[in-house]
>>> print(open('query05.cif').read())   # mmCIF, C-alpha atoms and all ligand atoms
data_target
#
loop_
_atom_site.group_PDB
_atom_site.id
_atom_site.type_symbol
_atom_site.label_atom_id
_atom_site.label_comp_id
_atom_site.auth_asym_id
_atom_site.auth_seq_id
_atom_site.Cartn_x
_atom_site.Cartn_y
_atom_site.Cartn_z
ATOM 1 C CA MET A 1 -48.916 31.455 24.897
ATOM 2 C CA THR A 2 -52.138 31.010 22.942
ATOM 3 C CA THR A 3 -54.259 34.075 22.362
ATOM 4 C CA THR A 4 -57.816 33.794 23.598
ATOM 5 C CA PHE A 5 -60.760 34.688 21.368
ATOM 6 C CA GLU A 6 -61.657 37.571 23.694
ATOM 7 C CA THR A 7 -58.155 39.086 23.525
ATOM 8 C CA LEU A 8 -57.927 38.784 19.735
ATOM 9 C CA ALA A 9 -61.448 40.198 19.314
ATOM 10 C CA GLY A 10 -60.396 43.198 21.438
ATOM 11 C CA HIS A 11 -57.317 43.806 19.265
ATOM 12 C CA LEU A 12 -59.351 43.481 16.050
ATOM 13 C CA ALA A 13 -61.932 45.975 17.325
ATOM 14 C CA GLU A 14 -59.121 48.406 18.150
ATOM 15 C CA VAL A 15 -57.618 48.114 14.640
ATOM 16 C CA GLY A 16 -61.095 48.546 13.129
ATOM 17 C CA ARG A 17 -61.748 51.742 15.111
ATOM 18 C CA HIS A 18 -58.310 53.025 14.048
ATOM 19 C CA CYS A 19 -59.233 52.474 10.374
ATOM 20 C CA TYR A 20 -62.529 54.303 10.945
ATOM 21 C CA GLU A 21 -60.728 57.204 12.619
ATOM 22 C CA ARG A 22 -58.361 57.509 9.648
ATOM 23 C CA GLY A 23 -61.380 57.608 7.291
ATOM 24 C CA TRP A 24 -60.525 54.269 5.675
ATOM 25 C CA ALA A 25 -63.645 52.371 6.850
ATOM 26 C CA LEU A 26 -66.496 54.827 7.374
ATOM 27 C CA GLY A 27 -69.973 53.742 8.441
ATOM 28 C CA THR A 28 -70.352 49.973 8.288
ATOM 29 C CA SER A 29 -67.775 49.604 5.482
ATOM 30 C CA GLY A 30 -64.662 47.406 5.627
ATOM 31 C CA ASN A 31 -64.043 44.189 7.525
ATOM 32 C CA PHE A 32 -61.217 42.730 9.547
ATOM 33 C CA SER A 33 -60.094 39.249 10.571
ATOM 34 C CA ALA A 34 -57.284 37.417 12.368
ATOM 35 C CA VAL A 35 -56.435 33.736 12.720
ATOM 36 C CA LEU A 36 -57.228 32.439 16.197
ATOM 37 C CA ARG A 37 -56.097 28.839 15.559
ATOM 38 C CA LYS A 38 -54.454 27.227 12.525
ATOM 39 C CA ASP A 39 -55.608 23.677 13.169
ATOM 40 C CA PRO A 40 -58.492 23.415 12.868
ATOM 41 C CA LEU A 41 -58.605 26.808 11.165
ATOM 42 C CA THR A 42 -60.532 29.286 13.307
ATOM 43 C CA LEU A 43 -60.819 32.901 12.228
ATOM 44 C CA ALA A 44 -61.987 35.862 14.321
ATOM 45 C CA ILE A 45 -63.884 38.244 12.003
ATOM 46 C CA THR A 46 -66.088 41.327 12.191
ATOM 47 C CA THR A 47 -69.839 40.819 11.911
ATOM 48 C CA SER A 48 -71.769 42.622 9.176
ATOM 49 C CA GLY A 49 -73.640 45.863 9.627
ATOM 50 C CA VAL A 50 -71.565 47.240 12.497
ATOM 51 C CA ASP A 51 -70.472 50.885 12.512
ATOM 52 C CA LYS A 52 -66.667 50.637 12.492
ATOM 53 C CA GLY A 53 -66.334 53.722 14.684
ATOM 54 C CA LEU A 54 -68.227 51.862 17.423
ATOM 55 C CA LEU A 55 -66.600 48.460 16.900
ATOM 56 C CA GLU A 56 -66.329 46.402 20.104
ATOM 57 C CA ALA A 57 -64.959 42.926 20.862
ATOM 58 C CA SER A 58 -68.584 41.692 21.067
ATOM 59 C CA ASP A 59 -68.996 42.585 17.346
ATOM 60 C CA ILE A 60 -66.443 39.896 16.440
ATOM 61 C CA VAL A 61 -67.286 36.201 15.908
ATOM 62 C CA ALA A 62 -65.077 33.144 15.481
ATOM 63 C CA ILE A 63 -65.745 31.035 12.376
ATOM 64 C CA ASP A 64 -64.439 27.715 11.062
ATOM 65 C CA ALA A 65 -62.923 27.020 7.617
ATOM 66 C CA GLN A 66 -66.444 26.800 6.129
ATOM 67 C CA GLY A 67 -67.439 30.190 7.514
ATOM 68 C CA ARG A 68 -69.725 28.767 10.225
ATOM 69 C CA VAL A 69 -69.871 30.694 13.510
ATOM 70 C CA VAL A 70 -68.259 28.692 16.330
ATOM 71 C CA GLN A 71 -68.015 31.413 18.981
ATOM 72 C CA GLY A 72 -69.809 34.698 19.632
ATOM 73 C CA SER A 73 -73.039 35.843 18.003
ATOM 74 C CA GLY A 74 -73.851 37.684 14.799
ATOM 75 C CA THR A 75 -73.555 37.210 11.050
ATOM 76 C CA PRO A 76 -69.978 37.171 9.746
ATOM 77 C CA SER A 77 -69.078 39.781 7.147
ATOM 78 C CA ALA A 78 -70.513 39.307 3.645
ATOM 79 C CA GLU A 79 -66.909 39.078 2.390
ATOM 80 C CA THR A 80 -65.918 36.214 4.737
ATOM 81 C CA THR A 81 -65.123 33.950 1.772
ATOM 82 C CA LEU A 82 -62.450 36.398 0.647
ATOM 83 C CA HIS A 83 -60.801 36.430 4.081
ATOM 84 C CA LEU A 84 -60.728 32.623 4.128
ATOM 85 C CA ALA A 85 -59.318 32.536 0.567
ATOM 86 C CA ILE A 86 -56.491 34.939 1.519
ATOM 87 C CA VAL A 87 -55.669 33.008 4.716
ATOM 88 C CA ARG A 88 -55.566 29.763 2.703
ATOM 89 C CA SER A 89 -53.548 30.982 -0.267
ATOM 90 C CA ARG A 90 -51.184 33.397 1.518
ATOM 91 C CA GLY A 91 -50.841 31.719 4.922
ATOM 92 C CA ALA A 92 -51.923 35.079 6.372
ATOM 93 C CA GLY A 93 -52.452 35.520 10.111
ATOM 94 C CA ALA A 94 -54.641 38.617 9.642
ATOM 95 C CA VAL A 95 -56.600 40.187 6.764
ATOM 96 C CA LEU A 96 -57.740 43.810 6.653
ATOM 97 C CA HIS A 97 -60.139 45.381 4.151
ATOM 98 C CA THR A 98 -60.787 49.120 3.825
ATOM 99 C CA HIS A 99 -63.021 51.318 1.640
ATOM 100 C CA SER A 100 -60.861 54.440 1.568
ATOM 101 C CA VAL A 101 -61.314 57.383 -0.797
ATOM 102 C CA TRP A 102 -57.874 56.930 -2.402
ATOM 103 C CA SER A 103 -58.088 53.164 -2.888
ATOM 104 C CA THR A 104 -61.523 53.661 -4.496
ATOM 105 C CA ILE A 105 -60.248 56.379 -6.837
ATOM 106 C CA LEU A 106 -57.061 54.513 -7.823
ATOM 107 C CA SER A 107 -58.911 51.240 -8.364
ATOM 108 C CA GLU A 108 -60.747 53.041 -11.191
ATOM 109 C CA ALA A 109 -57.779 55.006 -12.534
ATOM 110 C CA THR A 110 -56.418 52.199 -14.697
ATOM 111 C CA GLY A 111 -58.149 49.732 -16.971
ATOM 112 C CA ASP A 112 -55.310 47.224 -17.287
ATOM 113 C CA GLY A 113 -56.001 45.049 -14.249
ATOM 114 C CA SER A 114 -53.278 46.310 -11.925
ATOM 115 C CA LEU A 115 -51.887 49.364 -10.163
ATOM 116 C CA THR A 116 -48.106 49.838 -10.051
ATOM 117 C CA ILE A 117 -46.405 51.866 -7.335
ATOM 118 C CA GLU A 118 -42.663 52.538 -7.553
ATOM 119 C CA GLY A 119 -39.871 54.891 -6.545
ATOM 120 C CA LEU A 120 -41.238 55.901 -3.141
ATOM 121 C CA GLU A 121 -39.393 55.533 0.168
ATOM 122 C CA MET A 122 -42.553 54.384 1.989
ATOM 123 C CA LEU A 123 -42.562 51.185 -0.108
ATOM 124 C CA LYS A 124 -39.915 49.974 2.367
ATOM 125 C CA GLY A 125 -42.658 49.726 4.976
ATOM 126 C CA LEU A 126 -44.091 46.724 3.112
ATOM 127 C CA THR A 127 -42.976 43.334 4.414
ATOM 128 C CA GLY A 128 -39.760 42.133 2.780
ATOM 129 C CA VAL A 129 -39.149 45.343 0.779
ATOM 130 C CA GLY A 130 -35.701 46.878 1.312
ATOM 131 C CA THR A 131 -35.490 49.651 -1.277
ATOM 132 C CA HIS A 132 -37.510 52.527 -2.713
ATOM 133 C CA ALA A 133 -36.666 51.053 -6.136
ATOM 134 C CA HIS A 134 -39.187 48.267 -5.431
ATOM 135 C CA ARG A 135 -42.020 47.941 -7.943
ATOM 136 C CA GLU A 136 -45.288 47.018 -6.224
ATOM 137 C CA LYS A 137 -47.918 45.681 -8.615
ATOM 138 C CA LEU A 138 -51.356 45.361 -7.026
ATOM 139 C CA PRO A 139 -53.928 43.363 -8.991
ATOM 140 C CA ILE A 140 -57.317 45.028 -9.507
ATOM 141 C CA VAL A 141 -60.275 42.648 -9.481
ATOM 142 C CA GLU A 142 -63.776 43.472 -10.649
ATOM 143 C CA ASN A 143 -66.391 44.136 -7.983
ATOM 144 C CA THR A 144 -69.273 41.746 -7.330
ATOM 145 C CA GLN A 145 -71.991 41.140 -4.738
ATOM 146 C CA ASP A 146 -71.368 37.383 -4.818
ATOM 147 C CA TRP A 147 -68.004 36.698 -3.188
ATOM 148 C CA ILE A 148 -68.733 33.001 -2.716
ATOM 149 C CA ALA A 149 -68.844 32.587 -6.506
ATOM 150 C CA ALA A 150 -65.836 34.903 -6.982
ATOM 151 C CA ALA A 151 -63.523 33.242 -4.420
ATOM 152 C CA PRO A 152 -61.852 30.806 -6.905
ATOM 153 C CA ARG A 153 -61.095 33.768 -9.229
ATOM 154 C CA ILE A 154 -59.501 35.664 -6.316
ATOM 155 C CA GLU A 155 -57.405 32.642 -5.337
ATOM 156 C CA ALA A 156 -56.202 32.319 -8.951
ATOM 157 C CA ILE A 157 -55.226 36.015 -9.039
ATOM 158 C CA LEU A 158 -53.328 35.628 -5.734
ATOM 159 C CA ARG A 159 -51.443 32.654 -7.207
ATOM 160 C CA GLU A 160 -50.596 34.678 -10.356
ATOM 161 C CA HIS A 161 -49.200 37.533 -8.240
ATOM 162 C CA PRO A 162 -47.264 35.810 -5.426
ATOM 163 C CA GLU A 163 -45.257 38.982 -4.698
ATOM 164 C CA ALA A 164 -48.262 41.323 -4.260
ATOM 165 C CA HIS A 165 -48.838 42.740 -0.767
ATOM 166 C CA GLY A 166 -52.528 43.330 -1.429
ATOM 167 C CA PHE A 167 -55.148 43.801 -4.133
ATOM 168 C CA LEU A 168 -57.786 46.340 -5.056
ATOM 169 C CA ILE A 169 -61.421 45.736 -5.897
ATOM 170 C CA ARG A 170 -62.578 48.154 -8.585
ATOM 171 C CA GLY A 171 -64.688 50.995 -7.237
ATOM 172 C CA HIS A 172 -64.673 49.340 -3.826
ATOM 173 C CA GLY A 173 -61.428 49.202 -1.812
ATOM 174 C CA LEU A 174 -58.288 47.423 -0.643
ATOM 175 C CA TYR A 175 -57.445 44.007 0.788
ATOM 176 C CA THR A 176 -54.107 43.436 2.488
ATOM 177 C CA TRP A 177 -52.786 40.958 5.033
ATOM 178 C CA GLY A 178 -49.850 40.062 7.264
ATOM 179 C CA LYS A 179 -48.395 37.213 9.301
ATOM 180 C CA ASP A 180 -50.226 38.729 12.282
ATOM 181 C CA LEU A 181 -52.511 41.654 13.064
ATOM 182 C CA ALA A 182 -49.619 44.067 13.759
ATOM 183 C CA GLU A 183 -48.053 43.348 10.362
ATOM 184 C CA ALA A 184 -51.390 43.649 8.531
ATOM 185 C CA LYS A 185 -52.066 46.997 10.247
ATOM 186 C CA ARG A 186 -48.637 48.236 9.177
ATOM 187 C CA GLN A 187 -49.302 47.192 5.594
ATOM 188 C CA ILE A 188 -52.622 48.979 5.449
ATOM 189 C CA GLU A 189 -51.043 52.175 6.780
ATOM 190 C CA ILE A 190 -48.233 52.001 4.218
ATOM 191 C CA LEU A 191 -50.528 51.185 1.284
ATOM 192 C CA GLU A 192 -53.061 53.871 2.208
ATOM 193 C CA PHE A 193 -50.190 56.396 2.417
ATOM 194 C CA LEU A 194 -48.906 55.322 -1.016
ATOM 195 C CA PHE A 195 -52.419 55.533 -2.530
ATOM 196 C CA GLU A 196 -52.890 59.060 -1.226
ATOM 197 C CA VAL A 197 -49.511 60.173 -2.591
ATOM 198 C CA MET A 198 -50.303 58.648 -5.989
ATOM 199 C CA GLY A 199 -53.824 60.046 -6.044
ATOM 200 C CA ARG A 200 -52.718 63.558 -5.109
ATOM 201 C CA LYS A 201 -49.905 63.497 -7.687
ATOM 202 C CA ARG A 202 -52.361 62.472 -10.386
ATOM 203 C CA GLY A 203 -54.724 65.209 -9.239
ATOM 204 C CA ILE A 204 -51.977 67.791 -9.735
ATOM 205 C CA ALA A 205 -51.225 66.365 -13.190
ATOM 206 C CA TRP A 206 -54.926 66.559 -14.150
ATOM 207 C CA GLN A 207 -54.999 70.262 -13.305
ATOM 208 C CA GLN A 208 -52.032 71.057 -15.583
HETATM 209 ZN ZN ZN B 1 -65.848 45.744 1.051
#
>>> encode(input="query05.cif", output="structure tokens")
Amino acid sequence: MTTTFETLAGHLAEVGRHCYERGWALGTSGNFSAVLRKDPLTLAITTSGVDKGLLEASDIVAIDAQGRVVQGSGTPSAETTLHLAIVRSRGAGAVLHTHSVWSTILSEATGDGSLTIEGLEMLKGLTGVGTHAHREKLPIVENTQDWIAAAPRIEAILREHPEAHGFLIRGHGLYTWGKDLAEAKRQIEILEFLFEVMGRKRGIAWQQ
């Protein structure tokens, strides 16, 4: 059964409101997308400037592989190029981007271009991970206001880290994805949990 644009837009809006409610995408921050059709590529994505706590299906547009709106009305998110790059390079069916407190803090906690998480049971919630001994290395990319120019750099980083379940943008937030919206939502919940654990542990260490 093929999903209609309206149904997918409804599911995306629900996931977006969930992220807002958890404090991961406050105000108009964050953006969310899901593949409607693979051929030709059609992506349902949030429009810019919408309060994520009030996100409705009508705030979602469908775009083609060039980012042009083909269904619905509004301006696609300013980070649309990144969503398209992740869909292309990872074969993702959904891409979620949050601006949480912990992802922002941890993205600035290391200067070496990546954040490593290991030894925690919740790592098993990530797709394909079967043990707490897993070592998750998330690349950290520098922030910019020109994602069209930065897209090739992001695609190169994704190619260099084929095992990564997401990446951080410094001082900005998290991108993760999944084969479908349900998997992407699970990944964001797991990663946000892991970030909070790491952030709180570091906080305790700082006080000592
Ligand atoms: Zn953002």
>>> atom_distance(input="query05.cif", atom1="CA of Cys19 in chain A", atom2="CA of Glu163 in chain A")
24.6 Å
>>> resolve_selection(input="query05.cif", expression="the PyMOL selection byres (((not hetatm)) within 9 of (chain B and resi 1))", output="ChimeraX atom specification")
/A:29-31,78-79,97-99,169,172-175
>>> resolve_selection(input="query05.cif", expression="the PyMOL selection byres (((chain A and resi 81-94) around 6) and not hetatm)", output="PyMOL selection string")
chain A and resi 33-35+79-80+95+148+177-181
>>> closest_residue(input="query05.cif", among="A:Ala9, A:Leu43, A:Leu115, A:Pro152", to="Ser103 in chain A", atoms="all atoms listed in the file")
A:Leu115
>>> resolve_selection(input="query05.cif", expression="the PyMOL selection byres (((chain A and resi 126) around 10) and not hetatm)", output="PyMOL selection string")
chain A and resi 122-125+127-130+134+136+165+178+183-184+186-191
>>> residues_around(input="query05.cif", residues="Ser58 in chain A", least_positions_apart="6", cutoff="9 Å", atoms="all atoms listed in the file", output="ChimeraX atom specification")
/A:6,9-10,13,72-73
